[in-house]
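Dumped coords-v7.cif below, it's mmCIF, C-alpha atoms:
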data_data
loop_
_atom_site.label_atom_id
_atom_site.label_comp_id
_atom_site.auth_asym_id
_atom_site.auth_seq_id
_atom_site.Cartn_x
_atom_site.Cartn_y
_atom_site.Cartn_z
CA MET Q 1 182.83 -173.36 2.24
CA PHE Q 2 179.86 -172.25 4.38
CA GLU Q 3 180.88 -168.62 5.03
CA ASN Q 4 177.90 -166.99 3.29
CA HIS Q 5 175.42 -169.39 4.89
CA ILE Q 6 176.91 -168.73 8.34
CA LYS Q 7 176.79 -164.97 7.80
CA PHE Q 8 173.12 -165.21 6.83
CA ALA Q 9 172.36 -167.30 9.93
CA VAL Q 10 174.09 -164.77 12.21
CA GLN Q 11 172.11 -161.88 10.74
CA ASN Q 12 168.70 -163.57 10.74
CA MET Q 13 168.57 -166.03 13.63
CA ASN Q 14 166.28 -165.08 16.56
CA LEU Q 15 168.55 -165.41 19.58
CA PHE Q 16 166.22 -164.42 22.43
CA GLU Q 17 162.91 -162.73 23.16
CA ILE Q 18 161.91 -159.88 25.48
CA ILE Q 19 158.44 -159.01 26.75
CA TYR Q 20 158.04 -155.28 27.41
CA LYS Q 21 155.53 -154.16 30.02
CA LYS Q 22 154.74 -150.73 31.48
CA ASP Q 23 158.17 -149.89 32.91
CA SER Q 24 159.90 -153.28 32.97
CA PHE Q 25 161.02 -156.07 30.68
CA VAL Q 26 160.89 -159.85 31.09
CA LEU Q 27 163.81 -162.05 30.03
CA ASP Q 28 163.77 -165.82 30.59
CA GLY Q 29 160.94 -165.47 33.10
CA GLU Q 30 162.62 -162.80 35.24
CA THR Q 31 161.43 -159.17 35.42
CA TYR Q 32 163.82 -156.20 35.42
CA PRO Q 33 163.26 -152.41 35.36
CA ILE Q 34 163.56 -150.74 31.97
CA GLY Q 35 167.11 -149.47 31.46
CA TYR Q 36 168.65 -151.99 33.87
CA THR Q 37 171.21 -153.19 31.30
CA SER Q 38 173.00 -149.83 31.62
CA TYR Q 39 173.68 -150.53 35.31
CA LEU Q 40 175.05 -153.99 34.54
CA ALA Q 41 177.12 -152.79 31.60
CA ILE Q 42 178.95 -150.14 33.60
CA GLN Q 43 180.35 -152.73 36.02
CA ASP Q 44 184.07 -153.43 35.66
CA GLU Q 45 183.37 -157.07 34.74
CA CYS Q 46 181.63 -155.82 31.59
CA ARG Q 47 183.74 -152.78 30.77
CA PHE Q 48 187.01 -154.71 30.96
CA MET Q 49 185.88 -158.27 30.33
CA GLU Q 50 188.31 -160.76 28.83
CA SER Q 51 187.48 -162.49 25.56
CA ASP Q 52 190.28 -165.10 25.41
CA SER Q 53 187.93 -168.08 25.55
CA VAL Q 54 185.74 -166.67 22.77
CA ASN Q 55 188.80 -165.99 20.61
CA ALA Q 56 189.99 -169.56 21.18
CA LEU Q 57 186.56 -170.84 20.14
CA LEU Q 58 186.76 -168.79 16.93
CA ASP Q 59 190.13 -170.37 16.14
CA LEU Q 60 188.67 -173.83 16.72
CA HIS Q 61 185.72 -172.91 14.47
CA ASP Q 62 188.12 -172.00 11.63
CA GLU Q 63 190.03 -175.25 12.06
CA LEU Q 64 186.81 -177.26 11.95
CA LEU Q 65 185.78 -175.70 8.62
CA LYS Q 66 189.19 -176.56 7.13
CA ASP Q 67 189.19 -180.15 8.36
CA PHE Q 68 185.69 -181.33 9.27
CA THR Q 69 185.94 -184.55 11.31
CA ILE Q 70 183.73 -186.13 13.95
CA GLU Q 71 186.54 -185.83 16.50
CA LYS Q 72 186.91 -182.08 15.96
CA LEU Q 73 183.13 -181.69 15.95
CA ASN Q 74 182.94 -183.39 19.38
CA TYR Q 75 185.70 -181.14 20.74
CA TYR Q 76 184.01 -178.12 19.20
CA HIS Q 77 180.78 -179.01 21.05
CA LYS Q 78 182.58 -179.35 24.40
CA PHE Q 79 184.49 -176.09 23.92
CA ILE Q 80 181.28 -174.20 23.19
CA LEU Q 81 179.83 -175.38 26.52
CA LEU Q 82 183.03 -174.36 28.34
CA THR Q 83 182.92 -170.91 26.72
CA ILE Q 84 179.27 -170.46 27.67
CA GLN Q 85 180.13 -171.46 31.24
CA SER Q 86 182.94 -168.87 31.36
CA LEU Q 87 180.39 -166.13 30.59
CA LYS Q 88 177.98 -167.26 33.29
CA ASP Q 89 179.61 -165.22 36.09
CA ASN Q 90 179.49 -162.00 34.11
CA PRO Q 91 176.77 -159.76 35.66
CA PHE Q 92 175.17 -159.03 32.29
CA PHE Q 93 175.25 -162.50 30.75
CA ALA Q 94 173.89 -163.85 34.04
CA LEU Q 95 170.53 -162.39 32.92
CA PHE Q 96 170.17 -165.34 30.56
CA ASP Q 97 169.09 -168.82 31.60
CA PHE Q 98 172.31 -170.75 30.94
CA ASP Q 99 170.70 -174.11 31.62
CA LYS Q 100 168.24 -173.41 28.81
CA VAL Q 101 171.09 -172.26 26.54
CA ALA Q 102 173.11 -175.39 27.30
CA ASP Q 103 170.09 -177.62 26.57
CA ARG Q 104 169.59 -175.93 23.22
CA ILE Q 105 173.26 -176.39 22.33
CA ASN Q 106 173.19 -180.06 23.35
CA ARG Q 107 170.15 -180.60 21.11
CA LEU Q 108 172.07 -179.08 18.21
CA PHE Q 109 174.94 -181.48 18.90
CA SER Q 110 173.12 -184.75 19.54
CA ASP Q 111 174.81 -187.85 18.12
CA LYS Q 112 172.26 -188.06 15.30
CA CYS Q 113 172.75 -184.37 14.44
CA LYS Q 114 176.52 -184.76 14.34
CA GLU Q 115 176.20 -187.66 11.88
CA GLN Q 116 173.91 -185.54 9.70
CA TYR Q 117 176.34 -182.59 9.89
CA MET Q 118 179.11 -184.88 8.63
CA ASP Q 119 176.89 -185.97 5.74
CA ILE Q 120 176.12 -182.33 4.86
CA TYR Q 121 179.81 -181.51 4.82
CA ILE Q 122 180.54 -184.47 2.52
CA VAL Q 123 177.66 -183.49 0.18
CA TYR Q 124 179.07 -179.98 -0.20
CA ARG Q 125 182.68 -181.14 -0.48
CA ASP Q 126 182.01 -183.78 -3.15
CA ASN Q 127 179.40 -181.82 -5.15
CA TYR Q 128 176.79 -184.44 -4.41
CA ARG Q 129 174.61 -185.43 -7.38
CA VAL Q 130 171.12 -186.86 -7.07
CA GLU Q 131 170.75 -189.84 -9.40
CA THR Q 132 168.42 -192.17 -7.51
CA ALA Q 133 165.26 -191.88 -5.43
CA GLU Q 134 167.21 -193.05 -2.38
CA GLN Q 135 169.75 -190.26 -2.81
CA ALA Q 136 166.93 -187.74 -3.21
CA ASP Q 137 165.32 -188.89 0.04
CA LYS Q 138 168.65 -188.58 1.85
CA LEU Q 139 169.19 -185.10 0.46
CA ASP Q 140 165.69 -184.04 1.57
CA GLU Q 141 166.48 -185.27 5.09
CA LEU Q 142 169.73 -183.27 5.18
CA ILE Q 143 168.01 -180.09 3.93
CA LYS Q 144 165.66 -180.25 6.93
CA VAL Q 145 168.58 -180.05 9.37
CA PHE Q 146 170.65 -177.58 7.36
CA ASP Q 147 169.41 -174.61 9.43
CA ASP Q 148 170.48 -176.40 12.63
CA PHE Q 149 173.87 -177.07 11.05
CA MET Q 150 174.29 -173.36 10.26
CA ALA Q 151 173.13 -172.41 13.77
CA ALA Q 152 175.78 -174.72 15.25
CA LEU Q 153 178.51 -173.18 13.10
CA ALA Q 154 177.32 -169.62 13.85
CA ILE Q 155 177.65 -169.91 17.65
CA PRO Q 156 181.29 -168.68 17.93
CA ILE Q 157 180.58 -165.64 15.75
CA ILE Q 158 177.42 -164.84 17.74
CA LEU Q 159 179.33 -165.06 21.03
CA ASP Q 160 182.19 -162.94 19.71
CA ASN Q 161 179.72 -160.30 18.47
CA ALA Q 162 177.92 -160.32 21.82
CA VAL Q 163 181.12 -159.79 23.83
CA GLU Q 164 182.37 -156.99 21.58
CA GLN Q 165 178.94 -155.31 21.49
CA LEU Q 166 178.67 -155.42 25.29
CA LYS Q 167 182.10 -153.86 25.76
CA ARG Q 168 181.27 -151.13 23.27
CA TYR Q 169 177.92 -150.52 24.94
CA SER Q 170 179.65 -150.33 28.33
CA ALA Q 171 182.02 -147.67 27.04
CA LEU Q 172 179.14 -145.64 25.58
CA VAL Q 173 177.08 -145.89 28.80
CA PHE Q 174 180.11 -144.76 30.82
CA GLN Q 175 180.59 -141.69 28.62
CA MET Q 176 176.87 -140.91 28.55
CA THR Q 177 176.50 -141.24 32.34
CA HIS Q 178 179.51 -139.02 32.88
CA ARG Q 179 177.79 -136.39 30.71
CA ILE Q 180 174.53 -136.69 32.67
CA VAL Q 181 176.23 -136.37 36.09
CA GLU Q 182 178.45 -133.55 34.91
CA ARG Q 183 175.43 -131.56 33.74
CA GLY Q 184 173.38 -132.47 36.81
CA ALA Q 185 170.55 -133.79 34.61
CA ARG Q 186 167.69 -134.74 36.94
CA ASN Q 187 164.46 -134.80 34.94
CA ARG Q 188 163.50 -136.21 31.56
CA SER Q 189 163.90 -132.89 29.78
CA GLN Q 190 167.42 -132.48 31.16
CA LEU Q 191 168.20 -136.09 30.23
CA ALA Q 192 167.07 -135.35 26.68
CA ASP Q 193 169.29 -132.24 26.55
CA ALA Q 194 172.31 -134.21 27.80
CA PHE Q 195 171.65 -137.02 25.36
CA GLY Q 196 171.26 -134.57 22.47
CA ASP Q 197 174.60 -132.94 23.29
CA PHE Q 198 176.18 -136.37 23.51
CA LEU Q 199 174.94 -137.32 20.02
CA SER Q 200 176.18 -134.07 18.49
CA ASP Q 201 179.62 -134.24 20.12
CA GLU Q 202 182.15 -134.75 17.31
CA TYR Q 203 184.48 -136.79 19.51
CA MET Q 204 181.64 -139.15 20.50
CA GLN Q 205 180.63 -139.42 16.84
CA PHE Q 206 184.18 -140.47 16.05
CA LEU Q 207 184.30 -143.05 18.85
CA PHE Q 208 180.80 -144.53 18.65
CA HIS Q 209 179.47 -143.40 15.24
CA THR Q 210 176.57 -141.76 17.06
CA ASP Q 211 175.54 -139.94 13.87
CA ASN Q 212 174.24 -143.24 12.39
CA GLN Q 213 175.38 -146.35 14.26
CA PRO Q 214 174.84 -148.08 16.68
CA PHE Q 215 171.45 -146.41 17.12
CA CYS Q 216 169.87 -147.94 14.01
CA THR Q 217 168.21 -150.96 15.66
CA LYS Q 218 165.86 -153.59 14.27
CA ALA Q 219 163.76 -156.41 15.70
CA SER Q 220 160.62 -158.48 15.13
CA VAL Q 221 157.64 -157.39 17.24
CA MET Q 222 154.38 -159.19 17.98
CA PRO Q 223 151.58 -158.56 20.52
CA VAL Q 224 150.98 -160.90 23.46
CA ILE Q 225 148.02 -161.02 25.84
CA GLU Q 226 148.70 -161.63 29.52
CA LYS Q 227 146.43 -161.64 32.54
CA VAL Q 228 147.47 -159.33 35.40
CA ASN Q 229 145.39 -159.26 38.60
CA GLY Q 230 142.51 -160.90 36.80
CA GLU Q 231 142.53 -158.51 33.82
CA ASN Q 232 143.96 -158.98 30.33
CA TYR Q 233 146.63 -156.60 29.05
CA ILE Q 234 148.37 -156.20 25.70
CA PHE Q 235 152.17 -156.32 25.85
CA ARG Q 236 154.73 -156.51 23.11
CA LYS Q 237 157.10 -159.42 22.61
CA VAL Q 238 160.26 -158.53 20.72
CA TYR Q 239 162.55 -161.05 19.05
CA TYR Q 240 166.20 -159.99 18.76
CA ASN Q 241 168.86 -161.53 16.54
CA ASN Q 242 171.47 -159.08 17.76
CA LEU Q 243 172.48 -158.18 21.32
CA LYS Q 244 173.30 -154.61 20.29
CA ASP Q 245 169.71 -153.93 19.26
CA PHE Q 246 168.40 -155.01 22.65
CA LEU Q 247 171.00 -153.02 24.60
CA TYR Q 248 170.40 -149.70 22.87
CA THR Q 249 166.64 -150.17 22.88
CA ASP Q 250 166.78 -150.70 26.66
CA LEU Q 251 168.98 -147.63 27.08
CA PHE Q 252 166.51 -145.45 25.14
CA GLU Q 253 163.49 -146.87 26.96
CA GLY Q 254 165.23 -146.26 30.28
CA TYR Q 255 165.79 -142.58 29.53
CA ILE Q 256 162.19 -142.24 28.31
CA HIS Q 257 160.90 -143.68 31.61
CA GLY Q 258 163.35 -141.64 33.69
CA HIS Q 259 165.42 -144.69 34.66
CA TYR Q 260 169.11 -143.85 34.57
CA LEU Q 261 172.47 -144.11 36.32
CA TRP Q 262 173.89 -141.66 38.81
CA ARG Q 263 177.30 -141.49 40.45
CA CYS Q 264 177.43 -141.43 44.25
CA ASP Q 265 179.04 -138.21 45.46
CA ILE Q 266 180.82 -140.07 48.29
CA CYS Q 267 182.16 -143.38 46.92
CA ASP Q 268 181.95 -142.48 43.18
CA ASP Q 269 180.23 -145.79 42.41
CA TYR Q 270 177.30 -145.84 40.01
CA PHE Q 271 173.79 -146.75 41.10
CA PHE Q 272 170.51 -147.16 39.21
CA MET Q 273 167.49 -144.93 39.85
CA THR Q 274 163.87 -145.55 38.89
CA THR Q 275 161.88 -143.40 41.35
CA ALA Q 276 163.91 -141.17 43.70
CA HIS Q 277 165.35 -138.85 41.08
CA ARG Q 278 166.86 -136.54 43.68
CA GLN Q 279 168.86 -139.31 45.28
CA LEU Q 280 172.48 -138.20 45.63
CA TYR Q 281 174.13 -141.10 47.43
CA CYS Q 282 174.03 -144.88 47.09
CA SER Q 283 172.90 -147.28 49.81
CA LYS Q 284 175.87 -149.63 49.62
CA VAL Q 285 178.13 -149.97 52.65
CA ASN Q 286 181.12 -147.74 52.14
CA PRO Q 287 184.25 -149.83 52.85
CA LYS Q 288 186.13 -146.76 54.11
CA TYR Q 289 183.54 -145.81 56.77
CA SER Q 290 181.76 -149.19 57.23
CA VAL Q 291 178.36 -147.51 56.84
CA PRO Q 292 176.17 -146.83 53.78
CA CYS Q 293 176.96 -143.65 51.85
CA SER Q 294 173.39 -142.43 52.49
CA TYR Q 295 174.16 -142.65 56.25
CA VAL Q 296 177.41 -140.74 55.77
CA ALA Q 297 175.49 -137.97 54.02
CA LYS Q 298 173.17 -137.55 57.03
CA HIS Q 299 176.06 -137.64 59.50
CA PRO Q 300 178.86 -135.47 58.13
CA GLU Q 301 180.84 -135.99 61.29
CA VAL Q 302 181.77 -139.41 59.89
CA THR Q 303 183.87 -137.80 57.17
CA LYS Q 304 184.40 -134.45 58.92
CA ARG Q 305 183.02 -132.64 55.88
CA LYS Q 306 179.65 -131.11 55.16
CA MET Q 307 177.46 -133.10 52.76
CA GLU Q 308 174.34 -131.95 50.95
CA ARG Q 309 171.33 -133.35 52.81
CA GLN Q 310 168.56 -135.00 50.85
CA LYS Q 311 164.96 -133.90 51.31
CA LYS Q 312 162.44 -136.27 52.83
CA THR Q 313 160.17 -135.58 49.84
CA ASP Q 314 162.78 -137.23 47.61
CA SER Q 315 162.49 -140.60 49.35
CA PRO Q 316 160.89 -143.49 47.40
CA TYR Q 317 158.29 -143.88 50.19
CA TYR Q 318 157.03 -140.32 49.77
CA LEU Q 319 157.00 -140.60 45.97
CA LEU Q 320 154.97 -143.81 46.13
CA TRP Q 321 152.46 -142.28 48.58
CA LYS Q 322 152.13 -139.10 46.48
CA LYS Q 323 151.51 -141.11 43.32
CA ARG Q 324 148.73 -143.15 44.96
CA ASN Q 325 147.22 -140.09 46.68
CA ASP Q 326 147.15 -138.09 43.43
CA LEU Q 327 145.48 -141.01 41.65
CA ILE Q 328 142.71 -141.15 44.29
CA ARG Q 329 142.10 -137.40 44.00
CA LYS Q 330 142.00 -137.65 40.20
CA ASN Q 331 139.51 -140.54 40.20
CA LYS Q 332 137.38 -138.72 42.77
CA SER Q 333 137.23 -135.58 40.61
CA LEU Q 334 136.18 -137.72 37.64
CA GLY Q 335 133.39 -139.22 39.71
CA LYS Q 336 134.69 -142.77 39.49
CA TYR Q 337 133.69 -143.50 43.07
CA ASP Q 338 131.66 -141.85 45.77
CA GLU Q 339 132.87 -139.89 48.81
CA ALA Q 340 132.77 -142.86 51.20
CA VAL Q 341 134.92 -145.05 48.94
CA SER Q 342 137.32 -142.17 48.30
CA ALA Q 343 137.78 -141.45 52.02
CA LYS Q 344 138.28 -145.13 52.79
CA ALA Q 345 140.84 -145.56 50.00
CA LYS Q 346 142.73 -142.43 51.05
CA GLU Q 347 142.72 -143.53 54.68
CA TYR Q 348 144.12 -146.91 53.65
CA ILE Q 349 146.89 -145.33 51.55
CA ASP Q 350 147.77 -142.90 54.37
CA ASP Q 351 147.95 -145.78 56.85
CA CYS Q 352 150.24 -147.75 54.53
CA PHE Q 353 152.50 -144.77 54.03
CA GLU Q 354 152.65 -144.00 57.76
CA GLU Q 355 153.45 -147.62 58.53
CA ALA Q 356 156.23 -147.66 55.93
CA ARG Q 357 157.59 -144.35 57.23
CA LEU Q 358 157.62 -145.55 60.83
CA ASP Q 359 159.32 -148.81 59.82
CA PHE Q 360 161.91 -146.84 57.88
CA GLU Q 361 162.59 -144.40 60.71
CA TYR Q 362 162.74 -147.24 63.25
CA ALA Q 363 165.24 -149.12 61.08
CA GLU Q 364 167.28 -145.97 60.58
CA THR Q 365 167.28 -145.19 64.34
CA GLN Q 366 168.13 -148.78 65.19
CA TYR Q 367 170.98 -148.73 62.68
CA GLU Q 368 172.38 -145.55 64.26
CA LYS Q 369 172.17 -147.13 67.71
CA ASP Q 370 173.96 -150.23 66.46
CA MET Q 371 176.70 -148.09 64.91
CA GLU Q 372 177.06 -146.09 68.15
CA THR Q 373 177.29 -149.30 70.18
CA GLU Q 374 179.90 -150.68 67.77
CA MET Q 375 182.02 -147.51 68.02
CA ILE Q 376 181.83 -147.63 71.85
CA TYR Q 377 182.86 -151.30 71.73
CA LYS Q 378 185.82 -150.56 69.44
CA SER Q 379 186.90 -147.67 71.68
CA ALA Q 380 186.69 -149.88 74.77
CA MET Q 381 188.74 -152.61 73.09
CA GLU Q 382 191.40 -150.09 72.09
CA MET Q 383 191.58 -148.79 75.71
#
Target encoding structure tokens, full file:
Amino acid sequence: MFENHIKFAVQNMNLFEIIYKKDSFVLDGETYPIGYTSYLAIQDECRFMESDSVNALLDLHDELLKDFTIEKLNYYHKFILLTIQSLKDNPFFALFDFDKVADRINRLFSDKCKEQYMDIYIVYRDNYRVETAEQADKLDELIKVFDDFMAALAIPIILDNAVEQLKRYSALVFQMTHRIVERGARNRSQLADAFGDFLSDEYMQFLFHTDNQPFCTKASVMPVIEKVNGENYIFRKVYYNNLKDFLYTDLFEGYIHGHYLWRCDICDDYFFMTTAHRQLYCSKVNPKYSVPCSYVAKHPEVTKRKMERQKKTDSPYYLLWKKRNDLIRKNKSLGKYDEAVSAKAKEYIDDCFEEARLDFEYAETQYEKDMETEMIYKSAMEM
């Protein structure tokens, strides 16, 4: 009865909004680096997520449309909240503020709204005719809540689309990341080459329709003014009515900014890089060796095999210092401040970098001492 209206609502409803800044995006008040969705999507919970609860909600949705009663509408409301709750532990869907989502759903299903939804159903079922002023007033009141009614009926389809789109996105990110690691793509030009080969691969075109879909995205964009450190900046706020459009936009923006996934050469897990583009190993504790993979790489005796050592110039601390130092030199050459200010600024940056470096080396040395002490303790206990 309402199939066409529901389809229109699914295609045109603004589901969420994103504010894009220099190299990050803001969702529900939280800030994340551009491209971060690719890291979440490649987790097993996203790649192999179950959709039983969403499928059950779709079945309940179909039953409700066939036999629209207040009892089924109440159960439908409760089942939606249960389904939303089941998605809360998923690393990707955890980006969203579920309390806010639940509040919005509860507003759509208030007791007054449910009564009005029943009236709308009866009007459509009985081909309601307006013959009196009172009937006209009632019809006007129902028209005002018709969009909310369609939004309530569209929820199962929106959730089903979101789950399927996330799983498909996860599969594409996995294949794309495999291509990047296989080719050893390290800079933006190499990323572009790898991505171009991925798009032109006939097998990938067959699997993901990379020749046209899913890369044709759409959204509504508007400017927003925000104050940062006392100064106003123009950012863009984007309204999405489709999860797919947000996911692929974030993937593209991530590659443009040089934010991408890499696979650790020791544990084979994927980690997300935004600055240290020569990083080879992750910093998670390896369960096999009980030390981070980056520690294993510096101490090949742990695995009894020679690992490629990373350069100090590839550390995030050095990259941050170099970026600030280059900026000071550039501003000085442009005459933006005099010699005294330049020297003072450079001295401050050098002090900060040296302090960070010393803290890092102290922590690293302390960690090695702790590991040595633990190994001595284990050996003593075994003896």
The PyMOL selection byres ((chain Q and resi 11) around 12) applied to the shown file, residues as a ChimeraX atom specification: /Q:4-10,12-15,150-151,154-155,157-158,161,218-219,240-243,245
One-decimal distance in Å that lies between CA of Tyr36 (chain Q) and CA of Lys284 (chain Q): 17.5 Å
Pick from Q:Ala152, Q:Asp97, Q:Leu142, Q:Phe68 nearest to Ser110 (chain Q), counting only C-alpha atoms: Q:Ala152
Counting all atoms listed in the file, the option among Q:Val145, Q:Val173, Q:Tyr255, Q:Val221 closest to Phe235 (chain Q): Q:Val221
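The residue that comes closest to Phe93 (chain Q), out of Q:Ser283, Q:Thr37, Q:Asn212, Q:Gln175 and on the basis of only C-alpha atoms, is Q:Thr37.
Taking CA of Val238 (chain Q) and CA of Phe25 (chain Q) as the two end points, the separation is 10.3 Å.
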Within 8 Å of file point (177.5, -158.6, 28.9), counting all atoms listed in the file, expressed as a PyMOL selection string: chain Q and resi 40-41+46+90-93+162-163+166-167
Distance of CA of Leu95 (chain Q) from CA of Tyr20 (chain Q), expressed in Å to one decimal place: 15.4 Å
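Closest approach to Leu153 (chain Q) from the set Q:Ser51, Q:Leu108, Q:Leu207, Q:Asn229 is made by Q:Leu108, with distances taken over all atoms listed in the file.
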For the file shown, report as a PDB file with C-alpha atoms, keeping the file's coordinate frame the outcome of the PyMOL selection byres ((chain Q and resi 280) around 8) at residue level.
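Saved result, expr13.pdb, follows:
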ATOM      1  CA  TRP Q 262     173.890-141.660  38.810  1.00  0.00           C
ATOM      2  CA  ARG Q 263     177.300-141.490  40.450  1.00  0.00           C
ATOM      3  CA  CYS Q 264     177.430-141.430  44.250  1.00  0.00           C
ATOM      4  CA  ASP Q 265     179.040-138.210  45.460  1.00  0.00           C
ATOM      5  CA  ARG Q 278     166.860-136.540  43.680  1.00  0.00           C
ATOM      6  CA  GLN Q 279     168.860-139.310  45.280  1.00  0.00           C
ATOM      7  CA  TYR Q 281     174.130-141.100  47.430  1.00  0.00           C
ATOM      8  CA  CYS Q 282     174.030-144.880  47.090  1.00  0.00           C
ATOM      9  CA  GLN Q 310     168.560-135.000  50.850  1.00  0.00           C
TER      10      GLN Q 310
END
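Proximity to region 176-189 of chain Q at 9 Å, evaluated using only C-alpha atoms and with sequence-adjacent residues fewer than 2 positions away removed, yields Q:Ala171, Q:Leu172, Q:Val173, Q:Phe174, Q:Leu191, Q:Ala192, Q:Asp193, Q:Ala194, Q:Phe195, Q:Asp197, Q:Phe198, Q:Tyr255, Q:Ile256, Q:His257, Q:Gly258, Q:Tyr260, Q:Leu261, Q:Trp262, Q:Arg263, Q:Tyr270, Q:His277, Q:Arg278.
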Filtering to C-alpha atoms, could you give me those residues as a short mmCIF file (atom, residue, chain, number, x, y, z; two decimals), keeping the file's coordinate frame?
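Result file is out23.cif:
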data_model
loop_
_atom_site.label_atom_id
_atom_site.label_comp_id
_atom_site.auth_asym_id
_atom_site.auth_seq_id
_atom_site.Cartn_x
_atom_site.Cartn_y
_atom_site.Cartn_z
CA ALA Q 171 182.02 -147.67 27.04
CA LEU Q 172 179.14 -145.64 25.58
CA VAL Q 173 177.08 -145.89 28.80
CA PHE Q 174 180.11 -144.76 30.82
CA LEU Q 191 168.20 -136.09 30.23
CA ALA Q 192 167.07 -135.35 26.68
CA ASP Q 193 169.29 -132.24 26.55
CA ALA Q 194 172.31 -134.21 27.80
CA PHE Q 195 171.65 -137.02 25.36
CA ASP Q 197 174.60 -132.94 23.29
CA PHE Q 198 176.18 -136.37 23.51
CA TYR Q 255 165.79 -142.58 29.53
CA ILE Q 256 162.19 -142.24 28.31
CA HIS Q 257 160.90 -143.68 31.61
CA GLY Q 258 163.35 -141.64 33.69
CA TYR Q 260 169.11 -143.85 34.57
CA LEU Q 261 172.47 -144.11 36.32
CA TRP Q 262 173.89 -141.66 38.81
CA ARG Q 263 177.30 -141.49 40.45
CA TYR Q 270 177.30 -145.84 40.01
CA HIS Q 277 165.35 -138.85 41.08
CA ARG Q 278 166.86 -136.54 43.68
#
Test item: the PyMOL selection byres ((chain Q and resi 109) around 10) resolved as a VMD selection string: chain Q and resid 73 to 74 76 to 78 103 to 108 110 to 115 117 148 to 149 152
10 Å contact set for Asn55 (chain Q), all atoms listed in the file, chain neighbours under 6 positions out, as a PyMOL selection string: chain Q and resi 61+83+156-157+159-160
